[in-house]
$ cat start39.cif   # mmCIF, C-alpha atoms and all ligand atoms
data_work
#
loop_
_atom_site.label_atom_id
_atom_site.label_comp_id
_atom_site.auth_asym_id
_atom_site.auth_seq_id
_atom_site.Cartn_x
_atom_site.Cartn_y
_atom_site.Cartn_z
CA MET Z 107 -66.35 56.77 -22.52
CA LEU Z 108 -69.88 58.00 -23.21
CA SER Z 109 -70.18 55.10 -25.64
CA GLU Z 110 -70.50 52.83 -22.57
CA ASP Z 111 -73.75 54.65 -21.72
CA LEU Z 112 -74.95 54.13 -25.27
CA ALA Z 113 -74.05 50.45 -25.10
CA ASP Z 114 -76.26 49.64 -22.13
CA PRO Z 115 -78.47 46.61 -22.63
CA SER Z 116 -81.72 48.55 -22.06
CA GLY Z 117 -82.25 49.07 -25.76
CA SER Z 118 -80.78 52.56 -26.27
CA ALA Z 119 -77.80 51.05 -28.13
CA ARG Z 120 -80.10 49.44 -30.70
CA ASP Z 121 -82.24 52.60 -30.96
CA PHE Z 122 -79.12 54.67 -31.49
CA LYS Z 123 -77.69 52.35 -34.15
CA ASP Z 124 -81.00 52.28 -36.03
CA LEU Z 125 -81.34 56.06 -35.87
CA VAL Z 126 -77.80 56.60 -37.16
CA TRP Z 127 -78.44 54.28 -40.09
CA CYS Z 128 -81.75 56.07 -40.90
CA ILE Z 129 -79.86 59.39 -40.92
CA MET Z 130 -77.15 57.91 -43.18
CA VAL Z 131 -79.74 56.58 -45.65
CA GLU Z 132 -81.61 59.88 -45.72
CA ALA Z 133 -78.42 61.93 -46.08
CA GLY Z 134 -77.34 59.69 -48.94
CA ASN Z 135 -80.64 60.02 -50.83
CA PRO Z 136 -80.63 62.59 -53.64
CA ASN Z 137 -83.15 65.25 -52.63
CA LEU Z 138 -84.90 67.27 -55.37
CA ALA Z 139 -85.20 70.23 -53.03
CA ASP Z 140 -81.38 70.54 -52.95
CA TYR Z 141 -81.39 71.20 -56.70
CA PHE Z 142 -84.62 73.23 -56.92
CA PRO Z 143 -84.64 75.39 -53.79
CA ALA Z 144 -88.18 76.55 -54.53
CA LEU Z 145 -89.28 73.04 -53.50
CA LYS Z 146 -87.70 73.32 -50.05
CA LYS Z 147 -90.91 74.41 -48.32
CA ILE Z 148 -92.96 71.65 -49.96
CA ASP Z 149 -90.37 68.97 -49.08
CA PRO Z 150 -91.67 66.75 -51.93
CA GLN Z 151 -89.86 63.59 -50.82
CA GLY Z 152 -90.58 64.04 -47.13
CA SER Z 153 -86.84 64.03 -46.47
CA ARG Z 154 -86.78 67.02 -44.13
CA ARG Z 155 -89.81 65.65 -42.25
CA ARG Z 156 -88.16 62.29 -41.64
CA MET Z 157 -84.81 63.85 -40.71
CA THR Z 158 -86.57 66.08 -38.16
CA VAL Z 159 -88.08 62.97 -36.54
CA TYR Z 160 -84.68 61.18 -36.42
CA PHE Z 161 -82.82 64.17 -34.98
CA THR Z 162 -85.55 64.78 -32.41
CA LYS Z 163 -85.28 61.16 -31.26
CA ILE Z 164 -81.50 61.27 -31.11
CA PHE Z 165 -81.59 64.49 -29.09
CA GLU Z 166 -84.10 62.90 -26.69
CA LEU Z 167 -81.65 60.06 -26.23
CA PHE Z 168 -78.80 62.50 -25.50
CA ASP Z 169 -81.08 64.51 -23.17
CA GLY Z 170 -81.70 61.35 -21.15
CA LEU Z 171 -77.98 60.55 -20.93
CA ILE Z 172 -77.03 64.11 -19.96
CA GLU Z 173 -79.76 64.36 -17.33
CA LYS Z 174 -78.71 61.03 -15.82
CA ARG Z 175 -75.08 62.14 -15.75
CA LEU Z 176 -75.98 65.44 -14.08
CA ARG Z 177 -77.92 63.50 -11.42
CA ASP Z 178 -74.98 61.11 -10.90
CA ARG Z 179 -72.54 64.00 -10.57
CA ALA Z 180 -74.77 65.61 -7.95
CA THR Z 181 -74.89 62.41 -5.87
CA VAL Z 182 -72.38 62.48 -3.03
CA GLY Z 183 -69.81 59.69 -3.32
CA SER Z 184 -70.59 58.82 -6.95
CA ILE Z 185 -67.61 57.83 -9.09
CA ARG Z 186 -66.76 60.16 -11.96
CA LYS Z 187 -66.35 58.65 -15.41
CA ASN Z 188 -64.01 61.39 -16.62
CA ASP Z 189 -65.12 60.88 -20.19
CA VAL Z 190 -65.92 63.39 -22.92
CA LEU Z 191 -69.29 64.22 -21.34
CA ASP Z 192 -67.76 64.90 -17.90
CA THR Z 193 -65.14 67.11 -19.53
CA LEU Z 194 -67.77 69.13 -21.39
CA LEU Z 195 -69.98 69.43 -18.28
CA ASP Z 196 -66.93 70.61 -16.26
CA ALA Z 197 -66.24 73.30 -18.86
CA ARG Z 198 -69.88 74.39 -18.63
CA GLU Z 199 -69.82 74.52 -14.82
CA ASP Z 200 -66.52 76.33 -14.35
CA LYS Z 201 -67.40 78.70 -17.23
CA SER Z 202 -63.85 78.38 -18.61
CA GLN Z 203 -65.36 77.91 -22.07
CA ASP Z 204 -68.51 79.12 -23.72
CA VAL Z 205 -70.20 75.72 -23.43
CA ASP Z 206 -73.90 75.09 -22.82
CA ILE Z 207 -76.16 72.04 -23.06
CA PHE Z 208 -77.22 72.94 -26.62
CA LEU Z 209 -73.60 72.94 -27.76
CA ILE Z 210 -72.83 69.71 -25.89
CA LYS Z 211 -75.75 67.93 -27.57
CA HIS Z 212 -74.71 69.04 -31.04
CA PHE Z 213 -71.08 68.17 -30.42
CA LEU Z 214 -72.11 64.67 -29.30
CA LEU Z 215 -74.30 64.40 -32.38
CA ASP Z 216 -71.33 65.16 -34.65
CA LEU Z 217 -69.01 62.75 -32.85
CA PHE Z 218 -71.40 59.86 -32.57
CA VAL Z 219 -73.16 60.10 -35.93
CA ALA Z 220 -69.87 60.51 -37.81
CA GLY Z 221 -67.89 58.06 -35.69
CA THR Z 222 -70.04 55.03 -34.93
CA ASP Z 223 -71.44 53.64 -38.17
CA THR Z 224 -68.18 54.29 -40.06
CA THR Z 225 -66.07 52.42 -37.52
CA SER Z 226 -68.45 49.52 -36.93
CA SER Z 227 -69.06 48.91 -40.64
CA THR Z 228 -65.28 48.82 -41.29
CA ILE Z 229 -64.88 46.14 -38.62
CA GLU Z 230 -67.85 44.20 -40.00
CA TRP Z 231 -66.42 44.32 -43.54
CA ALA Z 232 -62.90 43.40 -42.42
CA LEU Z 233 -64.17 40.39 -40.47
CA SER Z 234 -66.45 39.42 -43.36
CA GLU Z 235 -63.56 39.51 -45.85
CA LEU Z 236 -61.40 37.44 -43.50
CA LEU Z 237 -64.12 34.83 -43.07
CA HIS Z 238 -64.68 34.84 -46.81
CA ASN Z 239 -60.94 34.32 -47.33
CA PRO Z 240 -59.92 31.92 -44.53
CA GLU Z 241 -56.27 31.74 -45.61
CA LYS Z 242 -55.95 35.52 -44.98
CA LEU Z 243 -57.53 35.05 -41.55
CA SER Z 244 -54.99 32.31 -40.73
CA ARG Z 245 -52.14 34.57 -41.83
CA ALA Z 246 -53.43 37.42 -39.66
CA GLN Z 247 -53.87 35.10 -36.67
CA ALA Z 248 -50.36 33.71 -37.16
CA GLU Z 249 -48.95 37.26 -37.10
CA LEU Z 250 -50.88 38.05 -33.92
CA ASP Z 251 -49.68 34.81 -32.33
CA ARG Z 252 -46.07 35.66 -33.22
CA VAL Z 253 -46.20 39.27 -31.95
CA ILE Z 254 -48.69 39.09 -29.06
CA GLY Z 255 -49.38 35.45 -28.27
CA LYS Z 256 -52.64 33.63 -28.96
CA GLY Z 257 -55.54 34.83 -26.81
CA LYS Z 258 -53.53 37.62 -25.16
CA PRO Z 259 -54.82 41.23 -25.06
CA ILE Z 260 -53.31 43.68 -27.54
CA GLU Z 261 -51.45 46.80 -26.48
CA GLU Z 262 -51.80 49.76 -28.81
CA SER Z 263 -48.01 50.06 -29.10
CA GLU Z 264 -47.80 46.57 -30.62
CA ILE Z 265 -49.90 47.44 -33.68
CA ALA Z 266 -46.85 48.99 -35.41
CA ARG Z 267 -45.26 45.52 -35.37
CA MET Z 268 -48.17 43.94 -37.26
CA PRO Z 269 -47.93 44.98 -40.93
CA TYR Z 270 -50.40 42.32 -42.09
CA LEU Z 271 -53.10 43.56 -39.69
CA GLN Z 272 -52.50 47.11 -40.99
CA ALA Z 273 -52.67 45.87 -44.58
CA ILE Z 274 -56.04 44.22 -43.85
CA ILE Z 275 -57.51 47.52 -42.66
CA LYS Z 276 -56.18 49.32 -45.77
CA GLU Z 277 -57.53 46.65 -48.09
CA THR Z 278 -60.92 46.85 -46.33
CA PHE Z 279 -60.95 50.62 -46.86
CA ARG Z 280 -60.05 50.16 -50.54
CA MET Z 281 -62.89 47.74 -51.24
CA HIS Z 282 -65.51 49.03 -48.81
CA PRO Z 283 -64.87 52.72 -48.05
CA PRO Z 284 -67.33 53.59 -45.26
CA VAL Z 285 -68.15 57.01 -46.78
CA PRO Z 286 -68.25 56.04 -50.48
CA LEU Z 287 -68.97 59.53 -51.88
CA TYR Z 288 -67.48 61.62 -49.03
CA LEU Z 289 -69.76 64.46 -47.96
CA PRO Z 290 -71.17 66.67 -50.72
CA ARG Z 291 -68.80 69.59 -51.46
CA LYS Z 292 -69.18 72.77 -53.52
CA SER Z 293 -66.41 74.03 -55.78
CA GLY Z 294 -65.24 77.50 -54.76
CA LEU Z 295 -63.73 78.24 -58.17
CA GLU Z 296 -64.11 77.04 -61.74
CA THR Z 297 -61.59 74.21 -62.03
CA LYS Z 298 -60.31 71.90 -64.77
CA ILE Z 299 -59.81 68.26 -63.81
CA GLY Z 300 -58.88 65.53 -66.29
CA GLY Z 301 -60.09 67.63 -69.24
CA PHE Z 302 -63.45 68.43 -67.61
CA THR Z 303 -64.53 71.84 -66.41
CA VAL Z 304 -66.10 71.92 -62.95
CA PRO Z 305 -68.02 75.21 -62.78
CA LYS Z 306 -67.86 77.44 -59.73
CA GLY Z 307 -70.61 76.50 -57.28
CA ALA Z 308 -71.08 72.96 -58.65
CA GLN Z 309 -71.84 70.21 -56.17
CA VAL Z 310 -68.93 67.78 -56.12
CA LEU Z 311 -69.23 64.15 -55.06
CA VAL Z 312 -66.00 62.15 -55.06
CA ASN Z 313 -66.61 58.49 -55.84
CA VAL Z 314 -64.10 56.89 -53.48
CA TRP Z 315 -65.73 53.50 -53.97
CA ALA Z 316 -65.06 53.61 -57.73
CA ILE Z 317 -61.44 54.73 -57.18
CA GLY Z 318 -60.91 51.67 -54.98
CA ARG Z 319 -62.28 49.37 -57.70
CA ASP Z 320 -60.56 51.04 -60.66
CA PRO Z 321 -58.61 48.39 -62.64
CA SER Z 322 -56.28 51.07 -64.04
CA ILE Z 323 -55.08 51.72 -60.46
CA TRP Z 324 -55.42 48.33 -58.77
CA LYS Z 325 -54.59 44.87 -60.08
CA ASP Z 326 -57.57 42.51 -59.59
CA PRO Z 327 -59.58 45.23 -57.83
CA ASP Z 328 -62.40 42.90 -56.81
CA VAL Z 329 -60.07 40.51 -55.01
CA PHE Z 330 -59.39 40.99 -51.29
CA MET Z 331 -55.61 40.97 -51.21
CA PRO Z 332 -54.04 42.73 -48.17
CA GLU Z 333 -50.64 41.59 -49.51
CA ARG Z 334 -50.79 44.44 -52.06
CA PHE Z 335 -50.07 46.88 -49.21
CA LEU Z 336 -47.12 44.99 -47.72
CA GLY Z 337 -44.00 47.04 -48.44
CA SER Z 338 -46.14 49.74 -50.07
CA GLU Z 339 -45.87 53.40 -49.05
CA ILE Z 340 -49.58 54.03 -49.67
CA ASP Z 341 -51.32 55.31 -46.55
CA VAL Z 342 -54.83 56.51 -45.70
CA LYS Z 343 -53.89 59.93 -44.32
CA GLY Z 344 -55.03 61.95 -47.33
CA GLN Z 345 -51.72 62.15 -49.23
CA ASP Z 346 -52.37 59.20 -51.55
CA PHE Z 347 -55.52 59.91 -53.52
CA GLU Z 348 -55.92 56.29 -54.67
CA LEU Z 349 -56.68 55.37 -51.04
CA ALA Z 350 -58.22 58.24 -49.10
CA PRO Z 351 -61.19 56.85 -47.14
CA PHE Z 352 -61.05 59.75 -44.65
CA GLY Z 353 -60.97 62.47 -47.32
CA ALA Z 354 -58.05 64.87 -47.74
CA GLY Z 355 -57.11 68.48 -47.18
CA ARG Z 356 -58.71 70.90 -44.75
CA ARG Z 357 -61.92 68.94 -44.26
CA ILE Z 358 -60.26 65.55 -43.80
CA CYS Z 359 -62.02 63.47 -41.14
CA PRO Z 360 -60.96 64.79 -37.71
CA GLY Z 361 -61.64 61.32 -36.25
CA LEU Z 362 -58.87 59.66 -38.33
CA PRO Z 363 -56.32 59.11 -35.52
CA LEU Z 364 -58.98 57.75 -33.15
CA ALA Z 365 -60.54 55.54 -35.82
CA MET Z 366 -57.20 54.04 -36.86
CA ARG Z 367 -56.41 53.11 -33.26
CA ILE Z 368 -59.83 51.62 -32.61
CA LEU Z 369 -59.92 49.63 -35.86
CA HIS Z 370 -56.57 47.84 -35.47
CA TRP Z 371 -57.06 47.25 -31.78
CA MET Z 372 -60.61 45.95 -32.19
CA LEU Z 373 -60.10 43.75 -35.24
CA GLY Z 374 -56.84 42.39 -33.79
CA SER Z 375 -58.55 41.61 -30.48
CA LEU Z 376 -61.50 39.92 -32.15
CA ILE Z 377 -59.39 37.56 -34.23
CA ASN Z 378 -56.75 36.97 -31.58
CA SER Z 379 -59.26 36.06 -28.89
CA PHE Z 380 -61.85 34.15 -30.91
CA ASN Z 381 -62.20 31.74 -33.74
CA TRP Z 382 -65.26 32.58 -35.81
CA GLU Z 383 -67.87 30.30 -37.33
CA LEU Z 384 -70.44 31.37 -39.89
CA GLU Z 385 -73.98 30.92 -38.60
CA GLY Z 386 -76.04 28.09 -40.06
CA GLY Z 387 -73.03 26.26 -41.50
CA VAL Z 388 -72.71 28.73 -44.41
CA LYS Z 389 -69.51 28.05 -46.37
CA PRO Z 390 -66.99 30.93 -46.76
CA GLU Z 391 -67.39 30.89 -50.54
CA ASP Z 392 -71.21 31.16 -50.23
CA MET Z 393 -71.21 34.26 -48.04
CA SER Z 394 -73.11 37.24 -49.41
CA MET Z 395 -70.75 40.19 -49.93
CA GLU Z 396 -73.44 42.51 -51.23
CA GLU Z 397 -73.25 46.19 -50.27
CA LYS Z 398 -75.98 48.70 -49.45
CA PHE Z 399 -75.46 52.44 -49.73
CA GLY Z 400 -76.58 55.32 -47.52
CA ILE Z 401 -74.16 58.19 -47.13
CA THR Z 402 -72.19 55.38 -45.52
CA LEU Z 403 -71.82 51.90 -46.94
CA GLN Z 404 -72.90 48.76 -45.08
CA ARG Z 405 -73.28 45.05 -45.66
CA ALA Z 406 -76.65 44.33 -47.28
CA GLN Z 407 -76.88 41.18 -45.11
CA PRO Z 408 -75.54 41.81 -41.60
CA LEU Z 409 -72.68 39.44 -40.78
CA ARG Z 410 -73.91 36.59 -38.57
CA VAL Z 411 -71.10 34.71 -36.87
CA ILE Z 412 -70.50 32.65 -33.77
CA PRO Z 413 -67.41 33.46 -31.67
CA LYS Z 414 -65.49 30.52 -30.18
CA PRO Z 415 -63.08 31.71 -27.47
CA ILE Z 416 -59.50 30.74 -28.20
CA LYS Z 417 -57.92 28.69 -25.44
CA GLY Z 418 -55.89 30.82 -23.05
CA MET Z 419 -57.91 33.92 -23.92
CA SER Z 420 -57.37 36.65 -21.34
CA GLN Z 421 -60.05 39.17 -20.51
CA ILE Z 422 -59.94 42.01 -23.10
CA LYS Z 423 -59.18 45.18 -21.14
CA VAL Z 424 -60.75 48.44 -22.23
CA LYS Z 425 -58.58 51.40 -21.33
CA SER Z 426 -60.37 54.65 -20.65
C1 LIG M 501 -63.58 54.19 -40.26
C2 LIG M 501 -63.74 55.35 -39.68
C3 LIG M 501 -64.04 56.66 -40.36
C4 LIG M 501 -64.02 57.00 -41.70
C5 LIG M 501 -63.67 56.13 -42.89
C6 LIG M 501 -64.40 58.40 -41.78
C7 LIG M 501 -64.48 59.11 -42.97
C8 LIG M 501 -64.86 60.43 -43.06
C9 LIG M 501 -65.00 61.16 -44.30
C10 LIG M 501 -64.73 60.60 -45.69
C11 LIG M 501 -65.41 62.41 -43.98
C12 LIG M 501 -65.74 63.53 -44.98
C13 LIG M 501 -64.50 64.13 -45.55
C14 LIG M 501 -64.82 65.01 -46.72
O1 LIG M 501 -65.98 65.14 -47.11
O2 LIG M 501 -63.90 65.60 -47.26
C15 LIG M 501 -65.55 62.48 -42.54
C16 LIG M 501 -65.95 63.59 -41.84
C17 LIG M 501 -66.05 63.65 -40.48
N1 LIG M 501 -65.72 62.66 -39.58
FE1 LIG M 501 -65.08 60.81 -40.04
N2 LIG M 501 -64.63 58.87 -40.52
C18 LIG M 501 -64.41 57.86 -39.62
C19 LIG M 501 -64.49 57.92 -38.25
C20 LIG M 501 -64.76 59.06 -37.53
C21 LIG M 501 -64.72 59.17 -36.09
C22 LIG M 501 -64.34 58.02 -35.13
C23 LIG M 501 -65.09 60.45 -35.77
C24 LIG M 501 -65.22 61.13 -34.43
C25 LIG M 501 -65.18 60.54 -33.28
C26 LIG M 501 -65.35 61.15 -37.01
C27 LIG M 501 -65.75 62.46 -37.12
C28 LIG M 501 -65.96 63.13 -38.31
C29 LIG M 501 -66.48 64.49 -38.39
C30 LIG M 501 -66.89 65.39 -37.21
C31 LIG M 501 -66.54 64.82 -39.75
C32 LIG M 501 -66.99 66.14 -40.40
C33 LIG M 501 -65.77 67.02 -40.58
C34 LIG M 501 -66.06 68.30 -41.36
O3 LIG M 501 -67.15 68.46 -41.89
O4 LIG M 501 -65.16 69.14 -41.43
N3 LIG M 501 -65.12 60.27 -38.06
N4 LIG M 501 -65.18 61.27 -42.00
#
$ encode --input "start39.cif" --output "structure tokens"
Amino acid sequence: MLSEDLADPSGSARDFKDLVWCIMVEAGNPNLADYFPALKKIDPQGSRRRMTVYFTKIFELFDGLIEKRLRDRATVGSIRKNDVLDTLLDAREDKSQDVDIFLIKHFLLDLFVAGTDTTSSTIEWALSELLHNPEKLSRAQAELDRVIGKGKPIEESEIARMPYLQAIIKETFRMHPPVPLYLPRKSGLETKIGGFTVPKGAQVLVNVWAIGRDPSIWKDPDVFMPERFLGSEIDVKGQDFELAPFGAGRRICPGLPLAMRILHWMLGSLINSFNWELEGGVKPEDMSMEEKFGITLQRAQPLRVIPKPIKGMSQIKVKS
């Protein structure tokens, strides 16, 4: 995967993560120029200026990765990675598709900006909630032990046999939806919803976060209770509007199937292979669970934990 290149220890991973968060914050900031187009040129909040800097930096990062890959591919005897970048470069070389470097860079931008922060913050929230609620963590670990065996690597096919792990991911999405207001949308027609008229052309922001905390929909909405999803038909695929963290309809997140695989596999692996200790002897009940909002939602205080390998842990294998 190209993400391996972005995860090298030389610092590009940190730069990338910081840049993505800056873009998320900026995209989530209300911008006067969006409402008064005459202000666009003046850019009164400096939003466009800052975004230009972030995107330029991110493209420089991609340029470096692409150039390195092109050099590697030209070196006789080098081993191909066969990842998304190789596939796109193949299409460009054999001219089977109308693909050029400009398109590759923008495609990578879409995939990595939309797919990294959302996935990592879901894992961080899920682990935080489990450490905040140790009895839920024990229950999840007991399920993993029963189905997989303590410390053993998880196969994707086994996730279907772990309803509690699935319920944890759903409950995390309910309380901490990674894209709390979706992306801004514009109504194509005048529409009536719940007695309100939404005029044609109005900007529509759906408050997914508030839906997840609505006491008329959820009992004890501020309590982390994966059990509420055991035996429930509610799913996150855009059919059940009370829990739709990926959106719904034609513009539903195209990364949903990938994200759902990664999330269960990663969270399951983390809690099946390690016990976790809060840094500095913080007690579970004293953990900060404060949120901060960009266009995505993150922990206000990054989770700081110490992994303790579980006895008998096998090497986690990453399948390409
Ligand atoms: C926890 C993981 C994720 C969540 C909760 C999530 C959620 C969302 C949401 C809510 C939207 C906007 C839908 C709307 O406005 O109607 C969206 C759009 C999008 N997502 Fe995701 N996403 C996740 C992971 C990913 C991944 C892994 C990828 C790709 C590798 C991805 C790619 C995209 C793209 C390209 C769009 C824009 C689609 C469009 O504008 O039509 N997402 N996502």
$ residues_near_ligand --input "start39.cif" --ligand "ligand LIG 501 (chain M)" --cutoff "6 Å" --atoms "only C-alpha atoms and all ligand atoms" --output "PyMOL selection string"
chain Z and resi 216-217+220-221+224-225+228+284-285+288-289+351-354+357-362+364-365
$ atom_distance --input "start39.cif" --atom1 "atom CA of Thr181 of chain Z" --atom2 "atom CA of Asp196 of chain Z"
15.4 Å
$ closest_atom_pairs --input "start39.cif" --of "segment 131-214 of chain Z" --to "segment 401-421 of chain Z" --cutoff "7 Å" --atoms "all atoms listed in the file" --output "CSV"
residue,atom,partner,partner_atom,distance
Z:Val131,CA,Z:Ile401,CA,6.0
Z:Ala133,CA,Z:Ile401,CA,5.8
Z:Gly134,CA,Z:Ile401,CA,4.0
$ closest_atom_pairs --input "start39.cif" --of "segment 369-414 of chain Z" --to "segment 235-250 of chain Z" --cutoff "8 Å" --atoms "all atoms listed in the file" --output "JSON lines"
{"residue": "Z:Gly374", "atom": "CA", "partner": "Z:Leu250", "partner_atom": "CA", "distance": 7.4}
{"residue": "Z:Ile377", "atom": "CA", "partner": "Z:Gln247", "partner_atom": "CA", "distance": 6.5}
{"residue": "Z:Asn378", "atom": "CA", "partner": "Z:Gln247", "partner_atom": "CA", "distance": 6.1}
{"residue": "Z:Trp382", "atom": "CA", "partner": "Z:Leu237", "partner_atom": "CA", "distance": 7.7}
{"residue": "Z:Leu384", "atom": "CA", "partner": "Z:Leu237", "partner_atom": "CA", "distance": 7.9}
{"residue": "Z:Pro390", "atom": "CA", "partner": "Z:His238", "partner_atom": "CA", "distance": 4.5}
{"residue": "Z:Glu391", "atom": "CA", "partner": "Z:His238", "partner_atom": "CA", "distance": 6.1}
{"residue": "Z:Met393", "atom": "CA", "partner": "Z:His238", "partner_atom": "CA", "distance": 6.7}
$ atom_distance --input "start39.cif" --atom1 "atom CA of Arg280 of chain Z" --atom2 "atom CA of Thr303 of chain Z"
27.2 Å
$ residues_around --input "start39.cif" --residues "Pro332 of chain Z" --least-positions-apart "6" --cutoff "10 Å" --atoms "all atoms listed in the file" --output "number ranges by chain"
Z: 242, 269-278, 280
$ atom_distance --input "start39.cif" --atom1 "atom CA of Pro327 of chain Z" --atom2 "atom CA of Ala266 of chain Z"
26.1 Å
$ closest_residue --input "start39.cif" --among "Z:Leu176, Z:Val314, Z:Leu167, Z:Val342" --to "Glu199 of chain Z" --atoms "only C-alpha atoms"
Z:Leu176
$ closest_residue --input "start39.cif" --among "Z:His370, Z:Tyr141, Z:Asp346, Z:Glu296" --to "Met268 of chain Z" --atoms "only C-alpha atoms"
Z:His370
$ closest_residue --input "start39.cif" --among "Z:Phe168, Z:Trp231, Z:Phe279, Z:Tyr160" --to "Ser118 of chain Z" --atoms "all atoms listed in the file"
Z:Phe168
$ residues_around --input "start39.cif" --residues "Thr222 of chain Z" --least-positions-apart "6" --cutoff "10 Å" --atoms "only C-alpha atoms" --output "PyMOL selection string"
chain Z and resi 109+122-123+126-127+365
$ closest_residue --input "start39.cif" --among "Z:Asp189, Z:Ile299, Z:Ser234, Z:Ile260" --to "Ser394 of chain Z" --atoms "all atoms listed in the file"
Z:Ser234
$ residues_around --input "start39.cif" --residues "Asp169 of chain Z" --least-positions-apart "5" --cutoff "12 Å" --atoms "only C-alpha atoms" --output "list in words"
Phe161, Thr162, Lys163, Ile164, Lys174, Arg175, Leu176, Leu191, Ile207, Phe208, Ile210, Lys211, His212, Leu214 and Leu215 of chain Z
$ residues_around --input "start39.cif" --residues "Lys306 of chain Z" --least-positions-apart "6" --cutoff "12 Å" --atoms "all atoms listed in the file" --output "PDB file with C-alpha atoms, keeping the file's coordinate frame"
ATOM      1  CA  ARG Z 291     -68.800  69.590 -51.460  1.00  0.00           C
ATOM      2  CA  LYS Z 292     -69.180  72.770 -53.520  1.00  0.00           C
ATOM      3  CA  SER Z 293     -66.410  74.030 -55.780  1.00  0.00           C
ATOM      4  CA  GLY Z 294     -65.240  77.500 -54.760  1.00  0.00           C
ATOM      5  CA  LEU Z 295     -63.730  78.240 -58.170  1.00  0.00           C
ATOM      6  CA  GLU Z 296     -64.110  77.040 -61.740  1.00  0.00           C
ATOM      7  CA  THR Z 297     -61.590  74.210 -62.030  1.00  0.00           C
ATOM      8  CA  LYS Z 298     -60.310  71.900 -64.770  1.00  0.00           C
TER       9      LYS Z 298
END
